[in-house]
Amino acid sequence: MPVTSAAQQWSNFLGTMGPLIGLFFVFALFSILQPKNFLTLDNLQIILLNTAVVGTAALGATIVIISGGIDLSVGSNIAMCTVVIALCRKSGLSPLASVACGILAGSMVGLIIGVLVTQLKLSSFIVTLGLWGAVRGFAKWLAGGRTIYEPSGWVGSLLHMLHQGNYWMIVPVGVWLMLGLTLLVAGVLKFTRFGRHIFAIGSNEQTARLCGVPVSRTKLFIFIFATFFAGVAGVLQFSYLNNLGDPTTASGYELNAIASVVIGGASLSGGKGSVFGTLVGALLMAMVANGCSQFPTISNSVQEMVTGGIIVAAAAFDRFRQPVVSAK
Amino acid sequence: MQGVRKRFGATVALDGVDLHVDPGEVLALVGENGAGKSTLMKILSGAHEPDEGNMWLDGETYVPRDPLDARRRGVAMIYQELALAKDLTVMENILLGMEPARGPFLDWPEMKRRAAGAMAQLGRPDIDPRLPLSRLSIAEQQLVEIGRAICVGCRVLVLDEPTSSLTQSDIRHLFDLVRRLKAGKLAIIYISHFLEEVREISDRFEVLRDGKSVGGGVTANAPTPRIIAMMVGRSVDDLYPRSPRKQGEPILELDHLAGESKPVDATLTLHRGEVVGIAGLIGAGRTELLRTIFGLQPIARGNVRLATYVGPASPARRWAEGMGLLSEDRKNEGLAVDLSIADNITMTRLPWLVNPSREAAESWKWIQKLGVRCRSPRQAVSDLSGGNQQKIAVARLLRHDVDVFLLDEPTRGIDVGSKAQIYQLIDDLACRGKAVLMVSSYLPELLGVCDRIAVMCKGHLVQSVPVEQTNEHQIMLQATGVSETL
């Protein structure tokens with residue numbers, strides 16, 4: 001087999017490394033500007049902690065976006081999961097069972113999306129826009145319009161800062177969980193039939209159908225699989241909020257998740273994307289937020305503007321590196 | 001007076017091409033897909049920059065900065081896919097980017113006058129410049145595009161496969177127009193796969209192969225086989241190979257098959273070791289017939305029996321039963337062009353756990369077997385030329401090792417060399433006991449390749465006849481429904 005040309009390799013290299021280079025650049029920038037506050041082990045841990053929820057949700061978003069769809073209900077879904085976990089704990093279920101219920105509840109949303117998209121032939125944008133509101137409302141109804149505090153059990157410690165006794169873990173359990181799931185999704189996408197079918201559907205649904213890919217069934221699985229990660233993100237959010245089931249939390253996280261995916265080099269028209277890129281994208285956004293907050297003079301608004309700029313720049317960069325000349 | 005002369009240096013796509021065209025002359029540019037015609041014309045029209053070489057226009061050095069600049073200097077290109085704004089009117093389209101203005105305001109009367117003038121020059125003064133473009137037929141839209149070129153005072157007009165989406169009578173009108181423009185001292189470069197057209201319309205021809213000019217001359221003095229031989233680099237007297245075939249047992253039987261609207265009624269038996277062609281007009285329901293058999297469209301009435309399988313069909317099931325479909329719409333359905341060659345070839349059958357390098361190696365085998373020009377199986381299909389893309393689509397069926405091949409326009413839009421290869425392949429398949437059901441609008445190819453031909457007319461499939469007992473005339477009579485009244 002011939003090797004790919006140098007230009008092609010360079011382009012591929014930039015495709016995978018581009019977001020990482022951006023991450024490194026941002027890291028270096030803040031390290032120089034704020035070495036005392038930014039470049040400390042504790043602060044780096046905080047950045048990872050802040051990445052975990054959106055990063056995990058973004059894994060699901062990556063799958064959906066590669067398949068050519070979109071999920072706008074992620075934030076609402078996360079909030080609902082925190083409520084479900086809190087309620088389960090209150091009713092006396094074990095922590096593990098509560099976590100399972102939360103994830104199950106999240107995946108149920110995926111089942112609903114999948115059924116609506118495949119049976120009513122609606123676009124996922126419309127369906128999840130509807131669920132964005134409906135799931136949020138459902139969460140508030142479940143919680144009775146309040147937040148539910150349930151401090152007992154280990155669930156709340158998933159995203160605790162490490163202390164003297166458990167430095168051997170390097171990063172908190174929740175962060176390990178995110179990293180592990182990233183590997184899992186990467187493996188599924190690259191090395192399973194399901195994963196290849198996701199790319200096929202996202203790239204050209206008609207072709208997938210012609211080639212005997214069970215399009216509807218695969219789409220259903222895609223949404224269930226993707227919202228599984230929203231459920232896990234809900235577990236982490238419950239922990240991040242210190243054992244709080246809050247129906248109003250995680251608002252706008254769906255957009256953060258989508259932004260992470262885009263910064264990571266995926267295309268919103270489907271057929272393209274990588275979970276490692278997504279993870280770097282999520283880290284990048286958390287790092288910018290954290291770095292900006294180190295400056296007392298920089299307000300929240302500046303941070304949001306910078307983040308917005310990065311999203312557009314990432315997409316522009318991706319466009320720029322596409323090979324311009326075709327062989328035709 | 002010298003028209004245009006240009007020379008290119010070494011790029012991969014173009015390896016030193018010389019070309020000149022004089023005013024009042026039609027030059028046909030022919031060559032297989034991937035020979036470099038499009039690249040050459042994109043350089044001429046300013047879309048690409050040449051790495052080396054020079055161009056002259058009317059004796060002056062010509063270096064277009066971009067397509068707009070090229071247009072201003074008088075070089076206009078009409079692409080196969082028209083570049084028009086569907087919701088704007090005819091006159092807005094014709095004068096897009098150079099609207100006459102009075103101060104900040106558009107000069108509508110002047111605009112209308114100039115647009116009407118251009119259309120009159122093209123022999124269609126009846127087209128109202130105020131009509132929205134979407135109300136015009138494809139042929140008329142093409143005229144608008146040419147009108148736009150004329151309006152800027154173009155001197156060199158490039159037509160890229162202009163007839164590919166036109167009807168027979170539209171083609172006549174287009175040819176009349178080309179002759180008229182030629183008489184008006186325009187230099188015209190005409191790109192086409194159809195050598196019959198080249199013969200009819202061009203004064204001279206130039207053949208490109210592998211990015212090089214391999215010859216050319218006065219069209220009238222060159223017999224068609226010689227042009228083809230120049231294009232493919234060898235002689236193709238045996239375009240339609242036919243080895244002795246042995247008909248085996250029936251493998252596909254259609255029993256009064258009907259879809260939701262088309263087909264209406266189709267009965268046919270296909271045997272192993274046999275190639276059956278389906279002829280008919282566009283819209284007769286030939287594509288729908290194949291899609292219904294393959295489970296892409298629902299069956300309303302009737303039965304399909306594939307070997308020992310009966311019952312409901314889905315594409316997934318059909319692949320598993322040993323049937324494959326080659327789509328007529330390569331870009332939108334046949335191939336996922338953004339995915340890699342390997343992904344496209346192996347998509348129909350993947351193990352639960354995929355080993356990407358094994359898939360790539362397997363694809364590479366087929367790439368070599370079919371002589372696909374590419375760098376690597378991981379390359380995106382969109383990088384390939386039309387003929388090579390089609391080979392990838394065919395490779396998918398071969399790799400899956402299906403027994404029944406449903407081929408829908410297998411040679412549409414591909415070059416002569418690739419065509420010959422696909423004919424050879426079909427013959428090989430039949431000899432190996434595979435069954436081929438093939439839809440084509442190109443009758444010589446059906447007559448050359450098939451054992452039997454069935455004609456489809458308004459959704460009805462007429463009884464198939466051995467190819468020796470029919471001819472183009474007979475088929476056209478059946479396709480147009482005339483024979484029923486005889």
# chains A, B, ... in the order shown; residues from 1 in each chain; ligands from 1

call {"tool": "residues_around", "arguments": {"residues": "region 370-373 of chain B", "least_positions_apart": "6", "cutoff": "9 Å", "atoms": "only C-alpha atoms", "output": "ChimeraX atom specification"}}
result
/B:384-385,387-389,391-392,395,421

call {"tool": "closest_atom_pairs", "arguments": {"of": "chain B", "to": "chain A", "cutoff": "6 Å", "atoms": "only C-alpha atoms", "output": "tab-separated table"}}
result
residue	atom	partner	partner_atom	distance
B:Gly34	CA	A:Lys328	CA	5.3
B:Pro315	CA	A:Gly212	CA	4.6
B:Ala316	CA	A:Gly212	CA	3.6
B:Glu333	CA	A:Thr207	CA	4.6
B:Gly334	CA	A:Thr207	CA	5.6
B:Leu335	CA	A:Thr207	CA	5.7
B:Ala336	CA	A:Asn204	CA	5.1
B:Thr348	CA	A:Cys211	CA	4.8
B:Leu350	CA	A:Arg193	CA	5.9
B:Trp352	CA	A:Arg193	CA	5.0
B:Leu353	CA	A:Thr192	CA	4.5
B:Val354	CA	A:Phe191	CA	4.6
B:Ser376	CA	A:Pro2	CA	6.0
B:Asp383	CA	A:Ser326	CA	5.3
B:Ser385	CA	A:Lys328	CA	5.2

call {"tool": "write_last_selection", "arguments": {"atoms": "N, CA and C atoms", "output": "PDB file, in the first residue's frame"}}
result
ATOM      1  N   GLY B  34     -10.522  12.523 -15.363  1.00  0.00           N
ATOM      2  CA  GLY B  34      -9.240  12.521 -14.678  1.00  0.00           C
ATOM      3  C   GLY B  34      -8.077  12.803 -15.599  1.00  0.00           C
ATOM      4  N   PRO B 315     -32.774  -3.562   2.085  1.00  0.00           N
ATOM      5  CA  PRO B 315     -31.426  -3.636   1.510  1.00  0.00           C
ATOM      6  C   PRO B 315     -30.504  -4.533   2.316  1.00  0.00           C
ATOM      7  N   ALA B 316     -30.609  -4.465   3.656  1.00  0.00           N
ATOM      8  CA  ALA B 316     -29.735  -5.287   4.481  1.00  0.00           C
ATOM      9  C   ALA B 316     -29.951  -6.772   4.166  1.00  0.00           C
ATOM     10  N   GLU B 333     -26.302   9.011  -3.630  1.00  0.00           N
ATOM     11  CA  GLU B 333     -26.695   7.756  -3.011  1.00  0.00           C
ATOM     12  C   GLU B 333     -25.607   6.688  -3.091  1.00  0.00           C
ATOM     13  N   GLY B 334     -24.994   6.590  -4.248  1.00  0.00           N
ATOM     14  CA  GLY B 334     -24.072   5.490  -4.467  1.00  0.00           C
ATOM     15  C   GLY B 334     -22.900   5.471  -3.506  1.00  0.00           C
ATOM     16  N   LEU B 335     -22.341   6.647  -3.253  1.00  0.00           N
ATOM     17  CA  LEU B 335     -21.133   6.695  -2.445  1.00  0.00           C
ATOM     18  C   LEU B 335     -21.253   7.762  -1.373  1.00  0.00           C
ATOM     19  N   ALA B 336     -20.663   7.486  -0.219  1.00  0.00           N
ATOM     20  CA  ALA B 336     -20.493   8.529   0.787  1.00  0.00           C
ATOM     21  C   ALA B 336     -19.156   9.184   0.464  1.00  0.00           C
ATOM     22  N   THR B 348     -20.956  -2.622   3.341  1.00  0.00           N
ATOM     23  CA  THR B 348     -22.084  -3.552   3.307  1.00  0.00           C
ATOM     24  C   THR B 348     -21.901  -4.731   4.242  1.00  0.00           C
ATOM     25  N   LEU B 350     -19.535  -5.678   7.555  1.00  0.00           N
ATOM     26  CA  LEU B 350     -18.461  -5.442   8.516  1.00  0.00           C
ATOM     27  C   LEU B 350     -18.649  -6.409   9.674  1.00  0.00           C
ATOM     28  N   TRP B 352     -18.515  -7.373  13.716  1.00  0.00           N
ATOM     29  CA  TRP B 352     -18.865  -6.563  14.886  1.00  0.00           C
ATOM     30  C   TRP B 352     -17.688  -5.721  15.330  1.00  0.00           C
ATOM     31  N   LEU B 353     -16.519  -6.373  15.355  1.00  0.00           N
ATOM     32  CA  LEU B 353     -15.317  -5.629  15.692  1.00  0.00           C
ATOM     33  C   LEU B 353     -14.538  -5.390  14.411  1.00  0.00           C
ATOM     34  N   VAL B 354     -14.321  -4.134  14.112  1.00  0.00           N
ATOM     35  CA  VAL B 354     -13.691  -3.775  12.857  1.00  0.00           C
ATOM     36  C   VAL B 354     -12.192  -3.607  13.062  1.00  0.00           C
ATOM     37  N   SER B 376      -4.248   5.990  -1.761  1.00  0.00           N
ATOM     38  CA  SER B 376      -4.368   5.120  -0.597  1.00  0.00           C
ATOM     39  C   SER B 376      -5.839   4.785  -0.366  1.00  0.00           C
ATOM     40  N   ASP B 383     -11.989  12.710  -3.688  1.00  0.00           N
ATOM     41  CA  ASP B 383     -10.746  13.054  -4.383  1.00  0.00           C
ATOM     42  C   ASP B 383     -10.665  12.438  -5.777  1.00  0.00           C
ATOM     43  N   SER B 385     -11.776  10.903  -9.598  1.00  0.00           N
ATOM     44  CA  SER B 385     -12.563  11.333 -10.752  1.00  0.00           C
ATOM     45  C   SER B 385     -13.773  10.416 -10.900  1.00  0.00           C
TER      46      SER B 385
END

call {"tool": "select_by_dssp", "arguments": {"residues": "region 6-250 of chain A", "states": "alpha helix (DSSP H)", "output": "count of residues only"}}
result
178

call {"tool": "atom_distance", "arguments": {"atom1": "CA of Gly413 (chain B)", "atom2": "CA of Ser192 (chain B)"}}
result
10.0 Å

call {"tool": "residues_around", "arguments": {"residues": "region 273-275 of chain A", "least_positions_apart": "4", "cutoff": "8 Å", "atoms": "only C-alpha atoms", "output": "ChimeraX atom specification"}}
result
/A:59,62,65-66,182,185-186,261,264-267,279

call {"tool": "residues_around", "arguments": {"residues": "Trp108 (chain B)", "least_positions_apart": "6", "cutoff": "9 Å", "atoms": "only C-alpha atoms", "output": "PDB file with N, CA and C atoms, in the first residue's frame"}}
result
ATOM      1  N   GLU B  99     -24.511  45.084 -12.460  1.00  0.00           N
ATOM      2  CA  GLU B  99     -25.784  45.733 -12.688  1.00  0.00           C
ATOM      3  C   GLU B  99     -25.590  47.193 -13.086  1.00  0.00           C
ATOM      4  N   PRO B 100     -26.321  47.641 -14.107  1.00  0.00           N
ATOM      5  CA  PRO B 100     -26.251  49.056 -14.465  1.00  0.00           C
ATOM      6  C   PRO B 100     -26.918  49.867 -13.357  1.00  0.00           C
ATOM      7  N   ALA B 101     -26.305  50.992 -13.026  1.00  0.00           N
ATOM      8  CA  ALA B 101     -26.837  51.759 -11.904  1.00  0.00           C
ATOM      9  C   ALA B 101     -26.863  53.244 -12.229  1.00  0.00           C
TER      10      ALA B 101
END

call {"tool": "select_by_dssp", "arguments": {"residues": "region 317-416 of chain B", "states": "strand (DSSP E)", "output": "count of residues only"}}
result
9

call {"tool": "residues_around", "arguments": {"residues": "Asn221 (chain B)", "least_positions_apart": "6", "cutoff": "12 Å", "atoms": "only C-alpha atoms", "output": "VMD selection string"}}
result
chain B and resid 199 202 to 205 227

call {"tool": "residues_around", "arguments": {"residues": "region 467-477 of chain B", "least_positions_apart": "2", "cutoff": "12 Å", "atoms": "only C-alpha atoms", "output": "PyMOL selection string"}}
result
chain B and resi 274-281+441-457+462-465+479-486

call {"tool": "atom_distance", "arguments": {"atom1": "CA of Arg291 (chain B)", "atom2": "CA of Gly69 (chain A)"}}
result
26.5 Å

call {"tool": "closest_residue", "arguments": {"among": "B:Ala380, B:Leu296, B:Ala139, B:Leu44", "to": "Gln168 (chain B)", "atoms": "only C-alpha atoms"}}
result
B:Ala139

call {"tool": "residues_around", "arguments": {"residues": "Ala57 (chain A)", "least_positions_apart": "6", "cutoff": "6 Å", "atoms": "only C-alpha atoms", "output": "list in words"}}
result
Phe229, Ala230 and Ala233 of chain A

call {"tool": "closest_residue", "arguments": {"among": "A:Leu104, A:Val84, A:Ala134, A:Val117", "to": "Thr147 (chain A)", "atoms": "only C-alpha atoms"}}
result
A:Val84

call {"tool": "closest_residue", "arguments": {"among": "B:Asp265, B:Asp51, B:Asp160, B:Asp401", "to": "Arg286 (chain B)", "atoms": "only C-alpha atoms"}}
result
B:Asp265
